[in-house]
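So this one's work03.pdb, PDB, C-alpha atoms:
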```pdb
ATOM      1  CA  MET A   1       0.000   0.000   0.000
ATOM      2  CA  GLY A   2       1.264   3.431  -0.893
ATOM      3  CA  ILE A   3       0.220   7.042  -0.514
ATOM      4  CA  ASN A   4      -1.963   8.466  -3.280
ATOM      5  CA  ARG A   5      -1.452  11.914  -4.848
ATOM      6  CA  LEU A   6      -3.796  13.197  -7.565
ATOM      7  CA  VAL A   7      -3.327  16.320  -9.699
ATOM      8  CA  GLU A   8      -5.364  17.851 -12.526
ATOM      9  CA  TRP A   9      -3.339  19.226 -15.412
ATOM     10  CA  LYS A  10      -5.024  21.446 -17.971
ATOM     11  CA  LEU A  11      -3.393  21.121 -21.387
ATOM     12  CA  ASN A  12      -3.743  23.320 -24.455
ATOM     13  CA  CYS A  13      -3.921  20.409 -26.900
ATOM     14  CA  SER A  14      -6.634  17.926 -27.825
ATOM     15  CA  ALA A  15      -7.245  14.772 -25.810
ATOM     16  CA  ASP A  16      -5.715  12.624 -28.567
ATOM     17  CA  GLN A  17      -2.595  14.797 -28.663
ATOM     18  CA  ALA A  18      -2.367  14.783 -24.874
ATOM     19  CA  ASP A  19      -2.628  10.997 -24.819
ATOM     20  CA  ALA A  20       0.188  10.677 -27.356
ATOM     21  CA  ARG A  21       2.351  13.209 -25.517
ATOM     22  CA  LEU A  22       1.873  11.428 -22.190
ATOM     23  CA  ARG A  23       2.690   8.010 -23.618
ATOM     24  CA  ARG A  24       5.831   9.337 -25.278
ATOM     25  CA  ALA A  25       6.963  11.059 -22.080
ATOM     26  CA  MET A  26       6.278   7.963 -19.971
ATOM     27  CA  SER A  27       8.183   5.810 -22.462
ATOM     28  CA  ASP A  28      11.151   8.206 -22.333
ATOM     29  CA  LEU A  29      11.143   7.824 -18.528
ATOM     30  CA  GLY A  30      10.967   4.036 -18.690
ATOM     31  CA  MET A  31       7.419   3.863 -17.286
ATOM     32  CA  GLU A  32       6.207   1.485 -20.040
ATOM     33  CA  PRO A  33       2.735   3.021 -20.624
ATOM     34  CA  GLN A  34      -0.204   0.723 -21.315
ATOM     35  CA  GLY A  35      -3.980   0.955 -21.527
ATOM     36  CA  PRO A  36      -6.657   2.107 -23.994
ATOM     37  CA  PRO A  37      -6.868   5.684 -25.310
ATOM     38  CA  GLY A  38      -7.486   8.166 -22.534
ATOM     39  CA  MET A  39      -6.615   5.675 -19.785
ATOM     40  CA  ILE A  40      -2.892   5.249 -19.348
ATOM     41  CA  GLN A  41      -1.081   3.159 -16.740
ATOM     42  CA  GLY A  42       2.637   3.025 -16.128
ATOM     43  CA  ALA A  43       5.199   2.388 -13.431
ATOM     44  CA  ALA A  44       8.297   4.264 -12.295
ATOM     45  CA  LYS A  45      11.037   2.025 -10.988
ATOM     46  CA  ARG A  46      12.669   2.521  -7.627
ATOM     47  CA  SER A  47      15.715   4.795  -7.769
ATOM     48  CA  LEU A  48      18.393   4.679  -5.085
ATOM     49  CA  ILE A  49      20.183   7.637  -6.677
ATOM     50  CA  LYS A  50      17.059   9.819  -6.437
ATOM     51  CA  ASN A  51      16.032   8.248  -3.121
ATOM     52  CA  ARG A  52      12.630   7.268  -4.497
ATOM     53  CA  TRP A  53      10.417   4.253  -4.075
ATOM     54  CA  ALA A  54       8.780   2.571  -7.056
ATOM     55  CA  ALA A  55       5.564   4.300  -8.136
ATOM     56  CA  LYS A  56       2.372   3.412  -9.972
ATOM     57  CA  VAL A  57       1.286   6.174 -12.361
ATOM     58  CA  GLU A  58      -2.173   6.479 -13.911
ATOM     59  CA  ALA A  59      -3.470   9.229 -16.192
ATOM     60  CA  ASP A  60      -7.046   9.745 -17.394
ATOM     61  CA  VAL A  61      -7.362  12.151 -20.336
ATOM     62  CA  THR A  62     -10.634  13.921 -21.170
ATOM     63  CA  PRO A  63     -11.531  16.685 -23.653
ATOM     64  CA  ALA A  64     -12.096  20.163 -22.170
ATOM     65  CA  GLY A  65     -13.126  22.892 -24.602
ATOM     66  CA  ASP A  66     -10.298  23.502 -27.067
ATOM     67  CA  GLY A  67      -7.880  21.560 -24.864
ATOM     68  CA  SER A  68      -7.895  18.640 -22.472
ATOM     69  CA  VAL A  69      -7.614  17.730 -18.796
ATOM     70  CA  VAL A  70      -5.321  15.060 -17.403
ATOM     71  CA  ALA A  71      -6.143  13.573 -14.001
ATOM     72  CA  CYS A  72      -2.752  12.136 -13.069
ATOM     73  CA  GLN A  73      -2.398   9.882 -10.058
ATOM     74  CA  VAL A  74       0.807   8.670  -8.398
ATOM     75  CA  VAL A  75       0.773   5.909  -5.787
ATOM     76  CA  MET A  76       4.014   5.233  -3.926
ATOM     77  CA  LEU A  77       5.658   5.064  -0.532
ATOM     78  CA  GLY A  78       7.529   8.063   0.802
ATOM     79  CA  THR A  79       7.073  11.729  -0.153
ATOM     80  CA  LYS A  80       8.470  11.971  -3.700
ATOM     81  CA  HIS A  81       5.149  11.934  -5.580
ATOM     82  CA  TYR A  82       5.574  15.449  -6.918
ATOM     83  CA  ALA A  83       9.132  14.672  -8.012
ATOM     84  CA  VAL A  84       7.741  11.876 -10.208
ATOM     85  CA  LEU A  85       5.113  14.274 -11.569
ATOM     86  CA  ALA A  86       7.776  16.936 -12.191
ATOM     87  CA  ASP A  87       9.827  14.473 -14.247
ATOM     88  CA  LEU A  88       6.740  13.541 -16.259
ATOM     89  CA  ALA A  89       5.761  17.189 -16.837
ATOM     90  CA  GLU A  90       9.306  18.067 -17.922
ATOM     91  CA  ALA A  91       9.350  15.151 -20.363
ATOM     92  CA  MET A  92       6.032  16.335 -21.820
ATOM     93  CA  GLY A  93       7.308  19.916 -22.246
ATOM     94  CA  ASP A  94       6.114  23.216 -20.764
ATOM     95  CA  ASP A  95       4.541  24.274 -24.059
ATOM     96  CA  VAL A  96       1.710  21.745 -23.699
ATOM     97  CA  PHE A  97       0.513  23.086 -20.336
ATOM     98  CA  ASP A  98      -2.181  25.750 -20.140
ATOM     99  CA  ASP A  99      -0.661  28.754 -18.353
ATOM    100  CA  ARG A 100      -3.907  29.295 -16.369
ATOM    101  CA  GLY A 101      -3.200  33.039 -16.052
ATOM    102  CA  VAL A 102       0.017  32.645 -14.026
ATOM    103  CA  ALA A 103       2.295  34.634 -16.367
ATOM    104  CA  ALA A 104      -0.179  37.521 -16.573
ATOM    105  CA  ALA A 105      -0.554  37.587 -12.775
ATOM    106  CA  ILE A 106       3.224  37.795 -12.330
ATOM    107  CA  GLU A 107       3.492  40.462 -15.032
ATOM    108  CA  ARG A 108       1.042  42.652 -13.111
ATOM    109  CA  LEU A 109       3.495  42.771 -10.193
ATOM    110  CA  GLY A 110       6.293  45.308 -10.026
ATOM    111  CA  LYS A 111       9.763  44.060 -10.913
ATOM    112  CA  THR A 112      10.856  44.131  -7.261
ATOM    113  CA  SER A 113       7.994  41.762  -6.404
ATOM    114  CA  ARG A 114       8.908  39.090  -8.941
ATOM    115  CA  LEU A 115      11.007  37.063  -6.547
ATOM    116  CA  PHE A 116       9.477  33.685  -7.223
ATOM    117  CA  GLY A 117      11.376  30.469  -7.629
ATOM    118  CA  HIS A 118      10.824  28.913 -11.040
ATOM    119  CA  ARG A 119      10.246  25.543  -9.395
ATOM    120  CA  GLU A 120       7.521  26.971  -7.119
ATOM    121  CA  ILE A 121       5.710  28.562 -10.036
ATOM    122  CA  ARG A 122       5.832  25.338 -12.046
ATOM    123  CA  HIS A 123       4.520  23.447  -9.014
ATOM    124  CA  LEU A 124       1.346  25.566  -9.167
ATOM    125  CA  ARG A 125       0.098  23.352 -12.005
ATOM    126  CA  ASN A 126      -0.118  20.499  -9.491
ATOM    127  CA  LEU A 127      -2.246  22.492  -7.039
ATOM    128  CA  LEU A 128      -4.798  24.021  -9.398
ATOM    129  CA  HIS A 129      -8.155  22.423 -10.136
ATOM    130  CA  ALA A 130      -9.130  21.931 -13.755
ATOM    131  CA  THR A 131     -11.872  24.576 -13.454
ATOM    132  CA  GLU A 132      -9.848  27.461 -11.977
ATOM    133  CA  ASN A 133      -7.517  30.148 -13.288
ATOM    134  CA  VAL A 134      -4.997  32.296 -11.422
ATOM    135  CA  VAL A 135      -5.893  35.944 -10.839
ATOM    136  CA  ALA A 136      -3.078  37.132  -8.539
ATOM    137  CA  VAL A 137       0.120  35.732  -7.010
ATOM    138  CA  GLY A 138       2.387  37.006  -4.271
ATOM    139  CA  GLN A 139       4.717  35.977  -1.474
ATOM    140  CA  GLY A 140       4.112  36.058   2.247
ATOM    141  CA  LYS A 141       4.474  34.375   5.609
ATOM    142  CA  TYR A 142       1.691  32.294   7.132
ATOM    143  CA  GLU A 143       2.042  30.728  10.588
ATOM    144  CA  GLY A 144       5.792  31.246  10.451
ATOM    145  CA  LYS A 145       6.264  29.683   6.991
ATOM    146  CA  GLN A 146       7.331  31.627   3.904
ATOM    147  CA  GLY A 147       5.545  30.681   0.696
ATOM    148  CA  LEU A 148       3.360  31.709  -2.212
ATOM    149  CA  VAL A 149      -0.067  33.329  -1.926
ATOM    150  CA  VAL A 150      -2.439  32.643  -4.817
ATOM    151  CA  LEU A 151      -5.851  34.062  -5.677
ATOM    152  CA  THR A 152      -7.830  32.103  -8.256
ATOM    153  CA  THR A 153     -11.315  32.306  -9.678
ATOM    154  CA  ILE A 154     -12.624  29.991  -6.926
ATOM    155  CA  ARG A 155     -10.337  30.349  -3.864
ATOM    156  CA  LEU A 156      -7.440  32.045  -2.113
ATOM    157  CA  PHE A 157      -4.665  29.771  -0.888
ATOM    158  CA  PHE A 158      -1.189  29.807   0.626
ATOM    159  CA  PHE A 159       1.354  27.096  -0.053
ATOM    160  CA  GLU A 160       4.823  26.343   1.157
ATOM    161  CA  LYS A 161       6.859  23.442  -0.139
ATOM    162  CA  SER A 162       9.999  22.217   1.528
ATOM    163  CA  ILE A 163      11.923  18.954   1.375
ATOM    164  CA  GLY A 164       9.639  16.153   2.489
ATOM    165  CA  SER A 165       6.622  18.327   3.344
ATOM    166  CA  GLU A 166       4.063  20.688   1.926
ATOM    167  CA  THR A 167       1.630  23.128   3.519
ATOM    168  CA  VAL A 168      -1.525  24.258   1.725
ATOM    169  CA  GLU A 169      -4.096  26.465   3.474
ATOM    170  CA  GLU A 170      -7.064  27.503   1.374
ATOM    171  CA  PHE A 171     -10.197  29.636   1.649
ATOM    172  CA  SER A 172     -13.040  29.349  -0.859
ATOM    173  CA  LEU A 173     -14.216  32.688  -2.242
ATOM    174  CA  PRO A 174     -17.797  32.284  -0.913
ATOM    175  CA  SER A 175     -16.417  31.759   2.617
ATOM    176  CA  ILE A 176     -14.418  35.026   2.547
ATOM    177  CA  SER A 177     -16.444  37.999   3.774
ATOM    178  CA  SER A 178     -13.643  40.588   3.424
ATOM    179  CA  LEU A 179      -9.904  41.214   3.167
ATOM    180  CA  THR A 180      -8.039  43.794   5.251
ATOM    181  CA  VAL A 181      -4.671  45.292   4.293
ATOM    182  CA  ASN A 182      -2.278  46.621   6.931
ATOM    183  CA  LYS A 183       0.830  48.430   5.697
ATOM    184  CA  LYS A 184       4.063  48.222   7.698
ATOM    185  CA  PRO A 185       7.698  49.178   7.037
ATOM    186  CA  THR A 186       8.499  45.464   6.780
ATOM    187  CA  GLY A 187       5.815  44.918   4.164
ATOM    188  CA  GLU A 188       2.057  44.442   3.955
ATOM    189  CA  GLN A 189      -0.207  42.162   5.967
ATOM    190  CA  LEU A 190      -3.296  40.607   4.416
ATOM    191  CA  THR A 191      -5.990  39.602   6.907
ATOM    192  CA  ILE A 192      -8.586  37.149   5.605
ATOM    193  CA  HIS A 193     -11.992  37.213   7.272
ATOM    194  CA  ALA A 194     -13.643  33.893   6.458
ATOM    195  CA  SER A 195     -16.467  31.943   8.094
ATOM    196  CA  GLY A 196     -16.241  33.919  11.319
ATOM    197  CA  ASN A 197     -12.467  33.409  11.658
ATOM    198  CA  THR A 198      -9.402  35.380  10.612
ATOM    199  CA  ALA A 199      -6.093  34.352   9.082
ATOM    200  CA  GLU A 200      -3.070  36.580   8.551
ATOM    201  CA  ILE A 201      -0.489  36.514   5.783
ATOM    202  CA  SER A 202       2.342  38.896   6.643
ATOM    203  CA  HIS A 203       5.570  40.128   5.014
ATOM    204  CA  MET A 204       3.993  40.545   1.591
ATOM    205  CA  MET A 205       5.825  42.917  -0.743
ATOM    206  CA  HIS A 206       4.548  46.501  -0.818
ATOM    207  CA  GLY A 207       1.575  46.652  -3.157
ATOM    208  CA  GLU A 208       0.958  42.895  -3.242
ATOM    209  CA  ALA A 209      -1.695  42.748  -0.488
ATOM    210  CA  ASP A 210      -3.411  45.771  -2.033
ATOM    211  CA  ALA A 211      -3.432  44.015  -5.408
ATOM    212  CA  PHE A 212      -4.958  40.907  -3.832
ATOM    213  CA  ALA A 213      -7.715  42.919  -2.166
ATOM    214  CA  ARG A 214      -8.565  44.743  -5.410
ATOM    215  CA  ALA A 215      -8.590  41.512  -7.412
ATOM    216  CA  PHE A 216     -10.741  39.792  -4.772
ATOM    217  CA  TYR A 217     -13.381  42.524  -4.769
ATOM    218  CA  ASN A 218     -13.365  42.623  -8.573
ATOM    219  CA  LEU A 219     -14.144  38.896  -8.552
ATOM    220  CA  LYS A 220     -16.927  39.358  -6.003
ATOM    221  CA  ASP A 221     -18.397  42.249  -8.008
ATOM    222  CA  GLY A 222     -18.276  40.122 -11.150
ATOM    223  CA  GLU A 223     -20.074  37.268  -9.368
ATOM    224  CA  ALA A 224     -22.752  39.663  -8.101
ATOM    225  CA  GLN A 225     -23.299  41.060 -11.594
ATOM    226  CA  ASP A 226     -23.494  37.561 -13.080
ATOM    227  CA  ALA A 227     -26.035  36.554 -10.418
ATOM    228  CA  ALA A 228     -28.114  39.662 -11.117
ATOM    229  CA  ARG A 229     -28.082  38.994 -14.871
ATOM    230  CA  SER A 230     -29.034  35.365 -14.283
ATOM    231  CA  ALA A 231     -31.898  36.348 -11.975
ATOM    232  CA  ALA A 232     -33.144  38.935 -14.472
ATOM    233  CA  HIS A 233     -32.976  36.385 -17.292
ATOM    234  CA  THR A 234     -34.857  33.798 -15.205
ATOM    235  CA  SER A 235     -37.479  36.353 -14.224
ATOM    236  CA  LYS A 236     -37.952  37.486 -17.830
ATOM    237  CA  ALA A 237     -38.182  33.891 -19.033
ATOM    238  CA  ALA A 238     -40.820  33.150 -16.414
ATOM    239  CA  PHE A 239     -42.734  36.299 -17.391
ATOM    240  CA  ASP A 240     -42.584  35.388 -21.072
ATOM    241  CA  ASP A 241     -43.780  31.815 -20.493
ATOM    242  CA  PRO A 242     -47.570  31.730 -21.155
ATOM    243  CA  ILE A 243     -48.055  28.507 -19.169
ATOM    244  CA  GLN A 244     -46.427  29.968 -16.060
ATOM    245  CA  GLN A 245     -48.483  33.149 -16.427
ATOM    246  CA  ILE A 246     -51.692  31.105 -16.666
ATOM    247  CA  GLU A 247     -50.713  29.205 -13.511
ATOM    248  CA  ARG A 248     -50.150  32.475 -11.661
ATOM    249  CA  LEU A 249     -53.474  33.865 -12.885
ATOM    250  CA  ALA A 250     -55.228  30.690 -11.749
ATOM    251  CA  GLY A 251     -53.817  31.301  -8.289
ATOM    252  CA  LEU A 252     -55.132  34.887  -8.329
ATOM    253  CA  ARG A 253     -58.557  33.618  -9.471
ATOM    254  CA  ASP A 254     -58.671  31.040  -6.671
ATOM    255  CA  LYS A 255     -57.854  33.777  -4.156
ATOM    256  CA  GLY A 256     -60.617  35.979  -5.534
ATOM    257  CA  VAL A 257     -58.229  38.664  -6.750
ATOM    258  CA  ILE A 258     -59.581  38.371 -10.308
ATOM    259  CA  SER A 259     -62.927  37.048 -11.516
ATOM    260  CA  PRO A 260     -63.356  33.751 -13.405
ATOM    261  CA  GLU A 261     -64.337  35.772 -16.474
ATOM    262  CA  GLU A 262     -61.153  37.870 -16.284
ATOM    263  CA  PHE A 263     -59.122  34.694 -15.882
ATOM    264  CA  GLU A 264     -60.747  33.032 -18.926
ATOM    265  CA  ALA A 265     -60.224  36.114 -21.074
ATOM    266  CA  LYS A 266     -56.539  36.379 -20.154
ATOM    267  CA  LYS A 267     -56.100  32.628 -20.524
ATOM    268  CA  THR A 268     -57.496  32.753 -24.075
ATOM    269  CA  GLU A 269     -55.055  35.580 -24.905
ATOM    270  CA  LEU A 270     -52.061  33.698 -23.484
ATOM    271  CA  MET A 271     -53.007  30.401 -25.149
ATOM    272  CA  GLY A 272     -52.907  32.261 -28.449
ATOM    273  CA  ARG A 273     -49.150  32.779 -27.965
ATOM    274  CA  LEU A 274     -48.410  29.045 -27.867
TER     275      LEU A 274
END
```
Render the structure in this file as C-alpha coordinates.
Amino acid sequence: MGINRLVEWKLNCSADQADARLRRAMSDLGMEPQGPPGMIQGAAKRSLIKNRWAAKVEADVTPAGDGSVVACQVVMLGTKHYAVLADLAEAMGDDVFDDRGVAAAIERLGKTSRLFGHREIRHLRNLLHATENVVAVGQGKYEGKQGLVVLTTIRLFFFEKSIGSETVEEFSLPSISSLTVNKKPTGEQLTIHASGNTAEISHMMHGEADAFARAFYNLKDGEAQDAARSAAHTSKAAFDDPIQQIERLAGLRDKGVISPEEFEAKKTELMGRL
(Lines of atoms letter the chains of each structure in order from A and count residues from 1; the text may use other names and numbers.)
(Lines give C-alpha, C1' and ligand atoms only; values in the text may rest on other atoms or scores of the structure.)
Protein backbone atom coordinates (compact mmCIF):
# COMPACT_ATOMS: atom_id res chain seq x y z
CA MET A 1 0.00 0.00 0.00
CA GLY A 2 1.26 3.43 -0.89
CA ILE A 3 0.22 7.04 -0.51
CA ASN A 4 -1.96 8.47 -3.28
CA ARG A 5 -1.45 11.91 -4.85
CA LEU A 6 -3.80 13.20 -7.56
CA VAL A 7 -3.33 16.32 -9.70
CA GLU A 8 -5.36 17.85 -12.53
CA TRP A 9 -3.34 19.23 -15.41
CA LYS A 10 -5.02 21.45 -17.97
CA LEU A 11 -3.39 21.12 -21.39
CA ASN A 12 -3.74 23.32 -24.45
CA CYS A 13 -3.92 20.41 -26.90
CA SER A 14 -6.63 17.93 -27.83
CA ALA A 15 -7.24 14.77 -25.81
CA ASP A 16 -5.72 12.62 -28.57
CA GLN A 17 -2.60 14.80 -28.66
CA ALA A 18 -2.37 14.78 -24.87
CA ASP A 19 -2.63 11.00 -24.82
CA ALA A 20 0.19 10.68 -27.36
CA ARG A 21 2.35 13.21 -25.52
CA LEU A 22 1.87 11.43 -22.19
CA ARG A 23 2.69 8.01 -23.62
CA ARG A 24 5.83 9.34 -25.28
CA ALA A 25 6.96 11.06 -22.08
CA MET A 26 6.28 7.96 -19.97
CA SER A 27 8.18 5.81 -22.46
CA ASP A 28 11.15 8.21 -22.33
CA LEU A 29 11.14 7.82 -18.53
CA GLY A 30 10.97 4.04 -18.69
CA MET A 31 7.42 3.86 -17.29
CA GLU A 32 6.21 1.48 -20.04
CA PRO A 33 2.73 3.02 -20.62
CA GLN A 34 -0.20 0.72 -21.32
CA GLY A 35 -3.98 0.95 -21.53
CA PRO A 36 -6.66 2.11 -23.99
CA PRO A 37 -6.87 5.68 -25.31
CA GLY A 38 -7.49 8.17 -22.53
CA MET A 39 -6.62 5.67 -19.78
CA ILE A 40 -2.89 5.25 -19.35
CA GLN A 41 -1.08 3.16 -16.74
CA GLY A 42 2.64 3.02 -16.13
CA ALA A 43 5.20 2.39 -13.43
CA ALA A 44 8.30 4.26 -12.30
CA LYS A 45 11.04 2.02 -10.99
CA ARG A 46 12.67 2.52 -7.63
CA SER A 47 15.71 4.80 -7.77
CA LEU A 48 18.39 4.68 -5.08
CA ILE A 49 20.18 7.64 -6.68
CA LYS A 50 17.06 9.82 -6.44
CA ASN A 51 16.03 8.25 -3.12
CA ARG A 52 12.63 7.27 -4.50
CA TRP A 53 10.42 4.25 -4.08
CA ALA A 54 8.78 2.57 -7.06
CA ALA A 55 5.56 4.30 -8.14
CA LYS A 56 2.37 3.41 -9.97
CA VAL A 57 1.29 6.17 -12.36
CA GLU A 58 -2.17 6.48 -13.91
CA ALA A 59 -3.47 9.23 -16.19
CA ASP A 60 -7.05 9.74 -17.39
CA VAL A 61 -7.36 12.15 -20.34
CA THR A 62 -10.63 13.92 -21.17
CA PRO A 63 -11.53 16.69 -23.65
CA ALA A 64 -12.10 20.16 -22.17
CA GLY A 65 -13.13 22.89 -24.60
CA ASP A 66 -10.30 23.50 -27.07
CA GLY A 67 -7.88 21.56 -24.86
CA SER A 68 -7.89 18.64 -22.47
CA VAL A 69 -7.61 17.73 -18.80
CA VAL A 70 -5.32 15.06 -17.40
CA ALA A 71 -6.14 13.57 -14.00
CA CYS A 72 -2.75 12.14 -13.07
CA GLN A 73 -2.40 9.88 -10.06
CA VAL A 74 0.81 8.67 -8.40
CA VAL A 75 0.77 5.91 -5.79
CA MET A 76 4.01 5.23 -3.93
CA LEU A 77 5.66 5.06 -0.53
CA GLY A 78 7.53 8.06 0.80
CA THR A 79 7.07 11.73 -0.15
CA LYS A 80 8.47 11.97 -3.70
CA HIS A 81 5.15 11.93 -5.58
CA TYR A 82 5.57 15.45 -6.92
CA ALA A 83 9.13 14.67 -8.01
CA VAL A 84 7.74 11.88 -10.21
CA LEU A 85 5.11 14.27 -11.57
CA ALA A 86 7.78 16.94 -12.19
CA ASP A 87 9.83 14.47 -14.25
CA LEU A 88 6.74 13.54 -16.26
CA ALA A 89 5.76 17.19 -16.84
CA GLU A 90 9.31 18.07 -17.92
CA ALA A 91 9.35 15.15 -20.36
CA MET A 92 6.03 16.33 -21.82
CA GLY A 93 7.31 19.92 -22.25
CA ASP A 94 6.11 23.22 -20.76
CA ASP A 95 4.54 24.27 -24.06
CA VAL A 96 1.71 21.74 -23.70
CA PHE A 97 0.51 23.09 -20.34
CA ASP A 98 -2.18 25.75 -20.14
CA ASP A 99 -0.66 28.75 -18.35
CA ARG A 100 -3.91 29.30 -16.37
CA GLY A 101 -3.20 33.04 -16.05
CA VAL A 102 0.02 32.64 -14.03
CA ALA A 103 2.30 34.63 -16.37
CA ALA A 104 -0.18 37.52 -16.57
CA ALA A 105 -0.55 37.59 -12.78
CA ILE A 106 3.22 37.79 -12.33
CA GLU A 107 3.49 40.46 -15.03
CA ARG A 108 1.04 42.65 -13.11
CA LEU A 109 3.50 42.77 -10.19
CA GLY A 110 6.29 45.31 -10.03
CA LYS A 111 9.76 44.06 -10.91
CA THR A 112 10.86 44.13 -7.26
CA SER A 113 7.99 41.76 -6.40
CA ARG A 114 8.91 39.09 -8.94
CA LEU A 115 11.01 37.06 -6.55
CA PHE A 116 9.48 33.69 -7.22
CA GLY A 117 11.38 30.47 -7.63
CA HIS A 118 10.82 28.91 -11.04
CA ARG A 119 10.25 25.54 -9.40
CA GLU A 120 7.52 26.97 -7.12
CA ILE A 121 5.71 28.56 -10.04
CA ARG A 122 5.83 25.34 -12.05
CA HIS A 123 4.52 23.45 -9.01
CA LEU A 124 1.35 25.57 -9.17
CA ARG A 125 0.10 23.35 -12.00
CA ASN A 126 -0.12 20.50 -9.49
CA LEU A 127 -2.25 22.49 -7.04
CA LEU A 128 -4.80 24.02 -9.40
CA HIS A 129 -8.15 22.42 -10.14
CA ALA A 130 -9.13 21.93 -13.75
CA THR A 131 -11.87 24.58 -13.45
CA GLU A 132 -9.85 27.46 -11.98
CA ASN A 133 -7.52 30.15 -13.29
CA VAL A 134 -5.00 32.30 -11.42
CA VAL A 135 -5.89 35.94 -10.84
CA ALA A 136 -3.08 37.13 -8.54
CA VAL A 137 0.12 35.73 -7.01
CA GLY A 138 2.39 37.01 -4.27
CA GLN A 139 4.72 35.98 -1.47
CA GLY A 140 4.11 36.06 2.25
CA LYS A 141 4.47 34.37 5.61
CA TYR A 142 1.69 32.29 7.13
CA GLU A 143 2.04 30.73 10.59
CA GLY A 144 5.79 31.25 10.45
CA LYS A 145 6.26 29.68 6.99
CA GLN A 146 7.33 31.63 3.90
CA GLY A 147 5.54 30.68 0.70
CA LEU A 148 3.36 31.71 -2.21
CA VAL A 149 -0.07 33.33 -1.93
CA VAL A 150 -2.44 32.64 -4.82
CA LEU A 151 -5.85 34.06 -5.68
CA THR A 152 -7.83 32.10 -8.26
CA THR A 153 -11.32 32.31 -9.68
CA ILE A 154 -12.62 29.99 -6.93
CA ARG A 155 -10.34 30.35 -3.86
CA LEU A 156 -7.44 32.05 -2.11
CA PHE A 157 -4.67 29.77 -0.89
CA PHE A 158 -1.19 29.81 0.63
CA PHE A 159 1.35 27.10 -0.05
CA GLU A 160 4.82 26.34 1.16
CA LYS A 161 6.86 23.44 -0.14
CA SER A 162 10.00 22.22 1.53
CA ILE A 163 11.92 18.95 1.38
CA GLY A 164 9.64 16.15 2.49
CA SER A 165 6.62 18.33 3.34
CA GLU A 166 4.06 20.69 1.93
CA THR A 167 1.63 23.13 3.52
CA VAL A 168 -1.52 24.26 1.72
CA GLU A 169 -4.10 26.47 3.47
CA GLU A 170 -7.06 27.50 1.37
CA PHE A 171 -10.20 29.64 1.65
CA SER A 172 -13.04 29.35 -0.86
CA LEU A 173 -14.22 32.69 -2.24
CA PRO A 174 -17.80 32.28 -0.91
CA SER A 175 -16.42 31.76 2.62
CA ILE A 176 -14.42 35.03 2.55
CA SER A 177 -16.44 38.00 3.77
CA SER A 178 -13.64 40.59 3.42
CA LEU A 179 -9.90 41.21 3.17
CA THR A 180 -8.04 43.79 5.25
CA VAL A 181 -4.67 45.29 4.29
CA ASN A 182 -2.28 46.62 6.93
CA LYS A 183 0.83 48.43 5.70
CA LYS A 184 4.06 48.22 7.70
CA PRO A 185 7.70 49.18 7.04
CA THR A 186 8.50 45.46 6.78
CA GLY A 187 5.82 44.92 4.16
CA GLU A 188 2.06 44.44 3.95
CA GLN A 189 -0.21 42.16 5.97
CA LEU A 190 -3.30 40.61 4.42
CA THR A 191 -5.99 39.60 6.91
CA ILE A 192 -8.59 37.15 5.60
CA HIS A 193 -11.99 37.21 7.27
CA ALA A 194 -13.64 33.89 6.46
CA SER A 195 -16.47 31.94 8.09
CA GLY A 196 -16.24 33.92 11.32
CA ASN A 197 -12.47 33.41 11.66
CA THR A 198 -9.40 35.38 10.61
CA ALA A 199 -6.09 34.35 9.08
CA GLU A 200 -3.07 36.58 8.55
CA ILE A 201 -0.49 36.51 5.78
CA SER A 202 2.34 38.90 6.64
CA HIS A 203 5.57 40.13 5.01
CA MET A 204 3.99 40.55 1.59
CA MET A 205 5.83 42.92 -0.74
CA HIS A 206 4.55 46.50 -0.82
CA GLY A 207 1.57 46.65 -3.16
CA GLU A 208 0.96 42.89 -3.24
CA ALA A 209 -1.69 42.75 -0.49
CA ASP A 210 -3.41 45.77 -2.03
CA ALA A 211 -3.43 44.02 -5.41
CA PHE A 212 -4.96 40.91 -3.83
CA ALA A 213 -7.72 42.92 -2.17
CA ARG A 214 -8.57 44.74 -5.41
CA ALA A 215 -8.59 41.51 -7.41
CA PHE A 216 -10.74 39.79 -4.77
CA TYR A 217 -13.38 42.52 -4.77
CA ASN A 218 -13.36 42.62 -8.57
CA LEU A 219 -14.14 38.90 -8.55
CA LYS A 220 -16.93 39.36 -6.00
CA ASP A 221 -18.40 42.25 -8.01
CA GLY A 222 -18.28 40.12 -11.15
CA GLU A 223 -20.07 37.27 -9.37
CA ALA A 224 -22.75 39.66 -8.10
CA GLN A 225 -23.30 41.06 -11.59
CA ASP A 226 -23.49 37.56 -13.08
CA ALA A 227 -26.03 36.55 -10.42
CA ALA A 228 -28.11 39.66 -11.12
CA ARG A 229 -28.08 38.99 -14.87
CA SER A 230 -29.03 35.36 -14.28
CA ALA A 231 -31.90 36.35 -11.97
CA ALA A 232 -33.14 38.94 -14.47
CA HIS A 233 -32.98 36.39 -17.29
CA THR A 234 -34.86 33.80 -15.20
CA SER A 235 -37.48 36.35 -14.22
CA LYS A 236 -37.95 37.49 -17.83
CA ALA A 237 -38.18 33.89 -19.03
CA ALA A 238 -40.82 33.15 -16.41
CA PHE A 239 -42.73 36.30 -17.39
CA ASP A 240 -42.58 35.39 -21.07
CA ASP A 241 -43.78 31.81 -20.49
CA PRO A 242 -47.57 31.73 -21.15
CA ILE A 243 -48.06 28.51 -19.17
CA GLN A 244 -46.43 29.97 -16.06
CA GLN A 245 -48.48 33.15 -16.43
CA ILE A 246 -51.69 31.11 -16.67
CA GLU A 247 -50.71 29.21 -13.51
CA ARG A 248 -50.15 32.47 -11.66
CA LEU A 249 -53.47 33.86 -12.89
CA ALA A 250 -55.23 30.69 -11.75
CA GLY A 251 -53.82 31.30 -8.29
CA LEU A 252 -55.13 34.89 -8.33
CA ARG A 253 -58.56 33.62 -9.47
CA ASP A 254 -58.67 31.04 -6.67
CA LYS A 255 -57.85 33.78 -4.16
CA GLY A 256 -60.62 35.98 -5.53
CA VAL A 257 -58.23 38.66 -6.75
CA ILE A 258 -59.58 38.37 -10.31
CA SER A 259 -62.93 37.05 -11.52
CA PRO A 260 -63.36 33.75 -13.41
CA GLU A 261 -64.34 35.77 -16.47
CA GLU A 262 -61.15 37.87 -16.28
CA PHE A 263 -59.12 34.69 -15.88
CA GLU A 264 -60.75 33.03 -18.93
CA ALA A 265 -60.22 36.11 -21.07
CA LYS A 266 -56.54 36.38 -20.15
CA LYS A 267 -56.10 32.63 -20.52
CA THR A 268 -57.50 32.75 -24.07
CA GLU A 269 -55.05 35.58 -24.91
CA LEU A 270 -52.06 33.70 -23.48
CA MET A 271 -53.01 30.40 -25.15
CA GLY A 272 -52.91 32.26 -28.45
CA ARG A 273 -49.15 32.78 -27.97
CA LEU A 274 -48.41 29.05 -27.87
- Residues within 8 Å of Arg100 of chain A, all atoms listed in the file, excluding chain neighbours under 2 positions, as a VMD selection string: chain A and resid 98 102 132 to 134
- Query: Which residues match the PyMOL selection byres ((chain A and resi 97) around 6) in the file above, as a ChimeraX atom specification?
  - Reply: /A:11-12,94-96,98
- Message: Counting all atoms listed in the file, which residue out of A:Gln34, A:Ser202, A:Thr268, A:Asn197 sits closest to Gly138 of chain A?
- Response: A:Ser202
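We find atom CA of Gly35 of chain A and atom CA of Leu85 of chain A to be spaced 19.0 Å apart.
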- In Å, how far is it from atom CA of Leu190 of chain A to atom CA of Arg119 of chain A?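 Separating atom CA of Leu190 of chain A from atom CA of Arg119 of chain A is a distance of 24.5 Å.
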